[in-house]
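For reference, start-v2.pdb is printed below; it contains PDB, C-alpha atoms and all ligand atoms.
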MODEL        1
ATOM      1  CA  MET A 247    -157.948 163.327 282.414  1.00  0.00           C
ATOM      2  CA  LEU A 248    -158.026 161.473 279.095  1.00  0.00           C
ATOM      3  CA  VAL A 249    -157.679 163.574 275.972  1.00  0.00           C
ATOM      4  CA  LYS A 250    -160.455 162.961 273.476  1.00  0.00           C
ATOM      5  CA  LYS A 251    -159.350 165.271 270.710  1.00  0.00           C
ATOM      6  CA  ALA A 252    -155.937 166.318 269.375  1.00  0.00           C
ATOM      7  CA  ILE A 253    -154.666 168.496 266.558  1.00  0.00           C
ATOM      8  CA  TYR A 254    -151.949 167.418 264.145  1.00  0.00           C
ATOM      9  CA  PRO A 255    -150.869 170.652 262.440  1.00  0.00           C
ATOM     10  CA  GLY A 256    -148.489 171.088 259.537  1.00  0.00           C
ATOM     11  CA  SER A 257    -147.927 172.465 256.062  1.00  0.00           C
ATOM     12  CA  PHE A 258    -148.476 169.078 254.350  1.00  0.00           C
ATOM     13  CA  ASP A 259    -147.241 170.567 251.087  1.00  0.00           C
ATOM     14  CA  PRO A 260    -147.650 167.834 249.943  1.00  0.00           C
ATOM     15  CA  LEU A 261    -148.682 165.028 252.310  1.00  0.00           C
ATOM     16  CA  THR A 262    -145.932 162.395 252.553  1.00  0.00           C
ATOM     17  CA  LEU A 263    -145.948 158.785 253.708  1.00  0.00           C
ATOM     18  CA  GLY A 264    -144.224 160.084 256.849  1.00  0.00           C
ATOM     19  CA  HIS A 265    -147.176 162.389 257.614  1.00  0.00           C
ATOM     20  CA  LEU A 266    -149.623 159.586 256.874  1.00  0.00           C
ATOM     21  CA  ASP A 267    -147.818 157.278 259.283  1.00  0.00           C
ATOM     22  CA  ILE A 268    -148.099 159.907 262.036  1.00  0.00           C
ATOM     23  CA  ILE A 269    -151.800 160.489 261.225  1.00  0.00           C
ATOM     24  CA  GLN A 270    -152.519 156.763 261.397  1.00  0.00           C
ATOM     25  CA  ARG A 271    -150.738 156.325 264.721  1.00  0.00           C
ATOM     26  CA  ALA A 272    -152.078 159.571 266.234  1.00  0.00           C
ATOM     27  CA  SER A 273    -155.657 158.698 265.248  1.00  0.00           C
ATOM     28  CA  SER A 274    -155.364 155.468 267.231  1.00  0.00           C
ATOM     29  CA  LEU A 275    -154.438 157.425 270.383  1.00  0.00           C
ATOM     30  CA  VAL A 276    -157.431 159.776 270.525  1.00  0.00           C
ATOM     31  CA  ASP A 277    -161.151 159.659 269.827  1.00  0.00           C
ATOM     32  CA  HIS A 278    -160.896 162.367 267.203  1.00  0.00           C
ATOM     33  CA  LEU A 279    -157.919 163.800 265.339  1.00  0.00           C
ATOM     34  CA  VAL A 280    -158.043 167.199 263.665  1.00  0.00           C
ATOM     35  CA  VAL A 281    -155.473 167.419 260.874  1.00  0.00           C
ATOM     36  CA  ALA A 282    -154.864 171.128 260.345  1.00  0.00           C
ATOM     37  CA  VAL A 283    -153.284 172.490 257.180  1.00  0.00           C
ATOM     38  CA  MET A 284    -151.706 175.663 258.522  1.00  0.00           C
ATOM     39  CA  HIS A 285    -149.606 178.514 257.277  1.00  0.00           C
ATOM     40  CA  ASN A 286    -145.868 178.360 257.920  1.00  0.00           C
ATOM     41  CA  PRO A 287    -144.533 181.856 257.206  1.00  0.00           C
ATOM     42  CA  GLU A 288    -141.090 180.367 256.556  1.00  0.00           C
ATOM     43  CA  LYS A 289    -142.324 178.340 253.578  1.00  0.00           C
ATOM     44  CA  SER A 290    -143.668 179.489 250.245  1.00  0.00           C
ATOM     45  CA  GLY A 291    -146.680 177.484 249.122  1.00  0.00           C
ATOM     46  CA  PHE A 292    -146.575 174.786 246.436  1.00  0.00           C
ATOM     47  CA  LEU A 293    -150.128 173.343 246.371  1.00  0.00           C
ATOM     48  CA  PRO A 294    -153.172 175.409 247.394  1.00  0.00           C
ATOM     49  CA  PRO A 295    -154.117 174.644 251.035  1.00  0.00           C
ATOM     50  CA  ALA A 296    -157.561 173.309 250.010  1.00  0.00           C
ATOM     51  CA  THR A 297    -155.897 170.814 247.637  1.00  0.00           C
ATOM     52  CA  ARG A 298    -153.505 169.693 250.384  1.00  0.00           C
ATOM     53  CA  ALA A 299    -156.498 169.155 252.697  1.00  0.00           C
ATOM     54  CA  ALA A 300    -158.437 167.181 250.059  1.00  0.00           C
ATOM     55  CA  LEU A 301    -155.432 164.914 249.436  1.00  0.00           C
ATOM     56  CA  ILE A 302    -155.089 164.280 253.180  1.00  0.00           C
ATOM     57  CA  LEU A 303    -158.766 163.379 253.532  1.00  0.00           C
ATOM     58  CA  GLU A 304    -158.758 161.084 250.493  1.00  0.00           C
ATOM     59  CA  SER A 305    -155.522 159.359 251.554  1.00  0.00           C
ATOM     60  CA  CYS A 306    -156.943 158.755 255.043  1.00  0.00           C
ATOM     61  CA  GLN A 307    -160.203 157.425 253.608  1.00  0.00           C
ATOM     62  CA  ASP A 308    -158.157 155.021 251.469  1.00  0.00           C
ATOM     63  CA  LEU A 309    -156.636 153.653 254.695  1.00  0.00           C
ATOM     64  CA  GLY A 310    -160.013 153.470 256.440  1.00  0.00           C
ATOM     65  CA  ILE A 311    -159.159 156.145 259.026  1.00  0.00           C
ATOM     66  CA  THR A 312    -162.516 157.625 259.949  1.00  0.00           C
ATOM     67  CA  ASN A 313    -162.054 159.381 263.294  1.00  0.00           C
ATOM     68  CA  LEU A 314    -160.556 162.475 261.781  1.00  0.00           C
ATOM     69  CA  SER A 315    -161.416 165.793 260.209  1.00  0.00           C
ATOM     70  CA  VAL A 316    -159.206 167.925 258.013  1.00  0.00           C
ATOM     71  CA  LEU A 317    -159.303 171.717 258.008  1.00  0.00           C
ATOM     72  CA  VAL A 318    -157.407 174.675 256.645  1.00  0.00           C
ATOM     73  CA  ASP A 319    -156.517 177.512 259.004  1.00  0.00           C
ATOM     74  CA  SER A 320    -154.400 180.601 258.481  1.00  0.00           C
ATOM     75  CA  GLY A 321    -154.226 181.757 262.101  1.00  0.00           C
ATOM     76  CA  LEU A 322    -152.259 180.841 265.182  1.00  0.00           C
ATOM     77  CA  LEU A 323    -152.190 177.225 266.303  1.00  0.00           C
ATOM     78  CA  VAL A 324    -153.060 178.192 269.884  1.00  0.00           C
ATOM     79  CA  ASP A 325    -156.262 179.894 268.676  1.00  0.00           C
ATOM     80  CA  LEU A 326    -157.196 176.805 266.686  1.00  0.00           C
ATOM     81  CA  ALA A 327    -156.618 174.667 269.788  1.00  0.00           C
ATOM     82  CA  LYS A 328    -158.822 176.993 271.872  1.00  0.00           C
ATOM     83  CA  ASN A 329    -161.576 177.031 269.243  1.00  0.00           C
ATOM     84  CA  ASN A 330    -161.480 173.246 268.977  1.00  0.00           C
ATOM     85  CA  ASP A 331    -161.577 172.796 272.712  1.00  0.00           C
ATOM     86  CA  THR A 332    -158.420 170.729 272.873  1.00  0.00           C
ATOM     87  CA  SER A 333    -155.176 171.014 274.770  1.00  0.00           C
ATOM     88  CA  LEU A 334    -153.180 168.426 272.844  1.00  0.00           C
ATOM     89  CA  ILE A 335    -151.009 168.973 269.785  1.00  0.00           C
ATOM     90  CA  ILE A 336    -149.367 165.993 268.105  1.00  0.00           C
ATOM     91  CA  LYS A 337    -146.259 166.409 265.950  1.00  0.00           C
ATOM     92  CA  GLY A 338    -143.877 164.021 264.237  1.00  0.00           C
ATOM     93  CA  LEU A 339    -140.126 163.973 264.831  1.00  0.00           C
ATOM     94  CA  ARG A 340    -137.696 162.656 262.246  1.00  0.00           C
ATOM     95  CA  ASN A 341    -134.311 163.750 263.522  1.00  0.00           C
ATOM     96  CA  ALA A 342    -132.347 166.027 265.832  1.00  0.00           C
ATOM     97  CA  SER A 343    -132.998 169.182 263.835  1.00  0.00           C
ATOM     98  CA  ASP A 344    -136.758 168.491 263.955  1.00  0.00           C
ATOM     99  CA  LEU A 345    -136.425 168.067 267.720  1.00  0.00           C
ATOM    100  CA  GLU A 346    -134.753 171.450 268.119  1.00  0.00           C
ATOM    101  CA  MET A 347    -137.283 173.304 265.975  1.00  0.00           C
ATOM    102  CA  GLU A 348    -140.331 171.483 267.309  1.00  0.00           C
ATOM    103  CA  THR A 349    -139.251 171.982 270.926  1.00  0.00           C
ATOM    104  CA  ALA A 350    -139.036 175.733 270.351  1.00  0.00           C
ATOM    105  CA  MET A 351    -142.515 175.754 268.782  1.00  0.00           C
ATOM    106  CA  ALA A 352    -143.972 173.606 271.571  1.00  0.00           C
ATOM    107  CA  GLN A 353    -142.519 175.922 274.212  1.00  0.00           C
ATOM    108  CA  ALA A 354    -143.805 179.042 272.446  1.00  0.00           C
ATOM    109  CA  ASN A 355    -147.261 177.500 272.089  1.00  0.00           C
ATOM    110  CA  SER A 356    -147.428 176.514 275.742  1.00  0.00           C
ATOM    111  CA  ALA A 357    -146.295 180.018 276.755  1.00  0.00           C
ATOM    112  CA  LEU A 358    -149.122 181.474 274.624  1.00  0.00           C
ATOM    113  CA  LEU A 359    -151.669 178.990 275.931  1.00  0.00           C
ATOM    114  CA  PRO A 360    -150.703 177.497 279.301  1.00  0.00           C
ATOM    115  CA  GLY A 361    -151.838 173.895 279.556  1.00  0.00           C
ATOM    116  CA  LEU A 362    -151.399 173.220 275.857  1.00  0.00           C
ATOM    117  CA  GLU A 363    -149.266 170.083 275.544  1.00  0.00           C
ATOM    118  CA  THR A 364    -147.301 168.876 272.510  1.00  0.00           C
ATOM    119  CA  LEU A 365    -146.840 165.145 272.134  1.00  0.00           C
ATOM    120  CA  PHE A 366    -144.091 163.961 269.785  1.00  0.00           C
ATOM    121  CA  LEU A 367    -144.302 160.732 267.819  1.00  0.00           C
ATOM    122  CA  THR A 368    -141.032 159.577 266.302  1.00  0.00           C
ATOM    123  CA  ALA A 369    -141.027 158.732 262.621  1.00  0.00           C
ATOM    124  CA  SER A 370    -141.076 155.039 261.909  1.00  0.00           C
ATOM    125  CA  GLY A 371    -138.147 153.438 260.098  1.00  0.00           C
ATOM    126  CA  GLN A 372    -139.015 154.010 256.467  1.00  0.00           C
ATOM    127  CA  ALA A 373    -140.317 157.530 257.074  1.00  0.00           C
ATOM    128  CA  HIS A 374    -137.119 158.920 258.576  1.00  0.00           C
ATOM    129  CA  GLY A 375    -135.749 160.684 255.542  1.00  0.00           C
ATOM    130  CA  ILE A 376    -139.014 161.774 253.925  1.00  0.00           C
ATOM    131  CA  SER A 377    -139.927 165.451 253.780  1.00  0.00           C
ATOM    132  CA  SER A 378    -142.301 167.512 251.655  1.00  0.00           C
ATOM    133  CA  SER A 379    -139.398 169.643 250.457  1.00  0.00           C
ATOM    134  CA  LEU A 380    -137.562 166.541 249.245  1.00  0.00           C
ATOM    135  CA  VAL A 381    -140.711 165.450 247.384  1.00  0.00           C
ATOM    136  CA  ARG A 382    -141.093 168.919 245.818  1.00  0.00           C
ATOM    137  CA  GLN A 383    -137.494 168.816 244.676  1.00  0.00           C
ATOM    138  CA  ILE A 384    -137.744 165.357 243.112  1.00  0.00           C
ATOM    139  CA  TYR A 385    -141.011 166.403 241.455  1.00  0.00           C
ATOM    140  CA  ALA A 386    -139.447 169.581 240.065  1.00  0.00           C
ATOM    141  CA  PHE A 387    -136.884 167.416 238.290  1.00  0.00           C
ATOM    142  CA  ALA A 388    -139.596 165.026 237.067  1.00  0.00           C
ATOM    143  CA  GLY A 389    -138.249 162.234 239.292  1.00  0.00           C
ATOM    144  CA  ASN A 390    -140.224 159.349 240.788  1.00  0.00           C
ATOM    145  CA  ILE A 391    -142.017 160.530 243.931  1.00  0.00           C
ATOM    146  CA  LYS A 392    -144.034 157.322 244.409  1.00  0.00           C
ATOM    147  CA  PRO A 393    -141.765 155.883 247.141  1.00  0.00           C
ATOM    148  CA  PHE A 394    -142.392 158.965 249.301  1.00  0.00           C
ATOM    149  CA  VAL A 395    -146.064 159.919 248.983  1.00  0.00           C
ATOM    150  CA  PRO A 396    -149.471 158.214 249.246  1.00  0.00           C
ATOM    151  CA  PRO A 397    -150.904 156.996 245.895  1.00  0.00           C
ATOM    152  CA  ARG A 398    -153.481 159.844 245.817  1.00  0.00           C
ATOM    153  CA  VAL A 399    -150.741 162.456 246.024  1.00  0.00           C
ATOM    154  CA  ALA A 400    -148.611 160.730 243.387  1.00  0.00           C
ATOM    155  CA  ALA A 401    -151.619 160.529 241.046  1.00  0.00           C
ATOM    156  CA  TYR A 402    -152.575 164.180 241.619  1.00  0.00           C
ATOM    157  CA  LEU A 403    -149.033 165.449 241.025  1.00  0.00           C
ATOM    158  CA  HIS A 404    -148.695 163.260 237.936  1.00  0.00           C
ATOM    159  CA  THR A 405    -151.851 164.816 236.463  1.00  0.00           C
ATOM    160  CA  LEU A 406    -150.623 168.289 237.373  1.00  0.00           C
ATOM    161  CA  GLN A 407    -147.329 167.581 235.634  1.00  0.00           C
ATOM    162  CA  ILE A 408    -149.111 166.529 232.443  1.00  0.00           C
ATOM    163  CA  GLN A 409    -151.368 169.610 232.543  1.00  0.00           C
ATOM    164  CA  THR A 410    -148.489 172.011 233.045  1.00  0.00           C
ATOM    165  CA  GLN A 411    -146.136 170.449 230.492  1.00  0.00           C
ATOM    166  CA  PRO A 412    -145.515 172.817 227.590  1.00  0.00           C
ATOM    167  CA  LYS A 413    -147.301 171.621 224.457  1.00  0.00           C
ATOM    168  CA  THR A 414    -144.950 170.918 221.555  1.00  0.00           C
TER
HETATM  169  O1  LIG B   1    -145.160 171.185 258.550  1.00  0.00           O
HETATM  170  P1  LIG B   1    -144.551 172.391 259.181  1.00  0.00           P
HETATM  171  O2  LIG B   1    -144.303 173.478 258.139  1.00  0.00           O
HETATM  172  O3  LIG B   1    -143.301 172.075 259.938  1.00  0.00           O
HETATM  173  O4  LIG B   1    -145.616 172.941 260.235  1.00  0.00           O
HETATM  174  C1  LIG B   1    -145.381 174.137 260.952  1.00  0.00           C
HETATM  175  C2  LIG B   1    -146.717 174.757 261.367  1.00  0.00           C
HETATM  176  C3  LIG B   1    -147.572 175.067 260.138  1.00  0.00           C
HETATM  177  C4  LIG B   1    -147.455 173.792 262.286  1.00  0.00           C
HETATM  178  C5  LIG B   1    -146.384 176.077 262.151  1.00  0.00           C
HETATM  179  O5  LIG B   1    -145.718 176.976 261.301  1.00  0.00           O
HETATM  180  C6  LIG B   1    -147.647 176.717 262.728  1.00  0.00           C
HETATM  181  O6  LIG B   1    -148.088 176.330 263.795  1.00  0.00           O
HETATM  182  N1  LIG B   1    -148.213 177.694 261.991  1.00  0.00           N
HETATM  183  C7  LIG B   1    -149.408 178.387 262.442  1.00  0.00           C
HETATM  184  C8  LIG B   1    -149.032 179.784 262.974  1.00  0.00           C
HETATM  185  C9  LIG B   1    -148.489 179.667 264.385  1.00  0.00           C
HETATM  186  O7  LIG B   1    -149.198 179.338 265.326  1.00  0.00           O
HETATM  187  N2  LIG B   1    -147.194 179.933 264.522  1.00  0.00           N
HETATM  188  C10 LIG B   1    -146.513 179.883 265.803  1.00  0.00           C
HETATM  189  C11 LIG B   1    -145.918 178.531 266.058  1.00  0.00           C
HETATM  190  S1  LIG B   1    -144.915 178.611 267.493  1.00  0.00           S
ENDMDL
END
Encoded form (structure tokens):
Amino acid sequence: MLVKKAIYPGSFDPLTLGHLDIIQRASSLVDHLVVAVMHNPEKSGFLPPATRAALILESCQDLGITNLSVLVDSGLLVDLAKNNDTSLIIKGLRNASDLEMETAMAQANSALLPGLETLFLTASGQAHGISSSLVRQIYAFAGNIKPFVPPRVAAYLHTLQIQTQPKT
């Protein structure tokens, strides 16, 4: 059976060029890709989930990716998969520690919802070292985040930085 729809879940806090690369490649594998901004209880939030979702949508529109929808969900991934009538999750893998963590999540998800498959796409060359936490750290020290995030995200964070700078 061919899979028509898949979910690419994550925190996307914020979207990086690595995420965008996975979205672009995943969207070419299925008819419709659902990018789901979800809650990771192990991470404290930086941007509001709705802002993360808007930045994903705008960045994808900039690249002309049209076969996708972006949503925010605070529940379990397996429930989202059931509600969206799909049995395919797509995740990106950057390195061995991603593999270990993502394998555990994939196994837990398939135990909760038998038949749910997780497909891993490996990060492409330039995206190997990029992570949202790295971007947040560089941003916190007012460093240049442009090499790591889509232009929309860089512009949004730049504006945020100006707005939150103490007035002298
Ligand atoms: O980008 P992240 O933080 O690595 O993504 C992890 C995420 C958000 C996909 C994961 O924490 C998740 O699926 N959260 C939803 C709640 C859930 O289903 N947890 C069980 C996963 S085994």
Discussion item. For the PyMOL selection byres (((chain A and resi 317) around 7) and not hetatm), applied here, can you spell out every residue it catches as a PyMOL selection string?
Written reply: chain A and resi 281-283+299+315-316+318-319
Item to complete: Counting all atoms listed in the file, name the residues that have an atom within 9 Å of an atom of ligand LIG 1 (chain B); the answer should be given as a PyMOL selection string.
Response: chain A and resi 254-259+282-289+319-326+337+344+347-348+350-356+358+378
Fill in: Spatial neighbours of A:Gln270, max dist 12 Å, all atoms listed in the file, sep filter under 2 positions, as a PyMOL selection string
chain A and resi 254+263-268+272-276+278-279+281+302+305-314+336+338+367+369-370
Worksheet item: atom CA of A:Pro295 and atom CA of A:Leu261 are how many Å apart?
Response: 11.1 Å
Worksheet entry | Surrounding residues of A:Ile391 excluding itself and chain neighbours under 5 positions, 9 Å, only C-alpha atoms, as number ranges by chain | A: 381-382, 384-385, 400
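Between atom CA of A:Pro393 and atom CA of A:Gly371 the interatomic distance comes to 13.7 Å.
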Practice prompt. Run the PyMOL selection byres (((chain A and resi 340) around 8) and not hetatm) on the file and write out the hits as a list in words.
Written response: Gly338, Leu339, Asn341, Ala342, Asp344, Leu345, Thr368, Ala369, Ala373, His374 and Gly375 of chain A
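Going from atom CA of A:Pro396 over to atom CA of A:Gln411, you cover 22.6 Å.
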Box dimensions and centre (Å, one decimal) enclosing stretch 273-280 of chain A, axis-aligned, 5 Å extra per side, as AutoDock Vina command-line options:
--center_x -157.8 --center_y 161.3 --center_z 267.1 --size_x 16.7 --size_y 21.7 --size_z 16.9
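Considering only C-alpha atoms, the residue among A:Val280, A:Leu403, A:Val395, A:Ala357 positioned nearest to A:Thr332 is A:Val280.
In terms of minimum interatomic distance to A:Ala401, A:Leu301 ranks closest within A:Leu365, A:Leu301, A:Leu334, A:Ile376, counting all atoms listed in the file.
Shortest separation to A:Phe394 among A:Leu359, A:Ala252, A:Ser333, A:Pro260 occurs at residue A:Pro260, atoms counted being all atoms listed in the file.
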Worksheet item: Out of A:Thr262, A:Gln407, A:Thr297, A:Thr349, which residue has the shortest atom-to-atom distance to A:Ser379 when counting all atoms listed in the file?
Response: A:Thr262
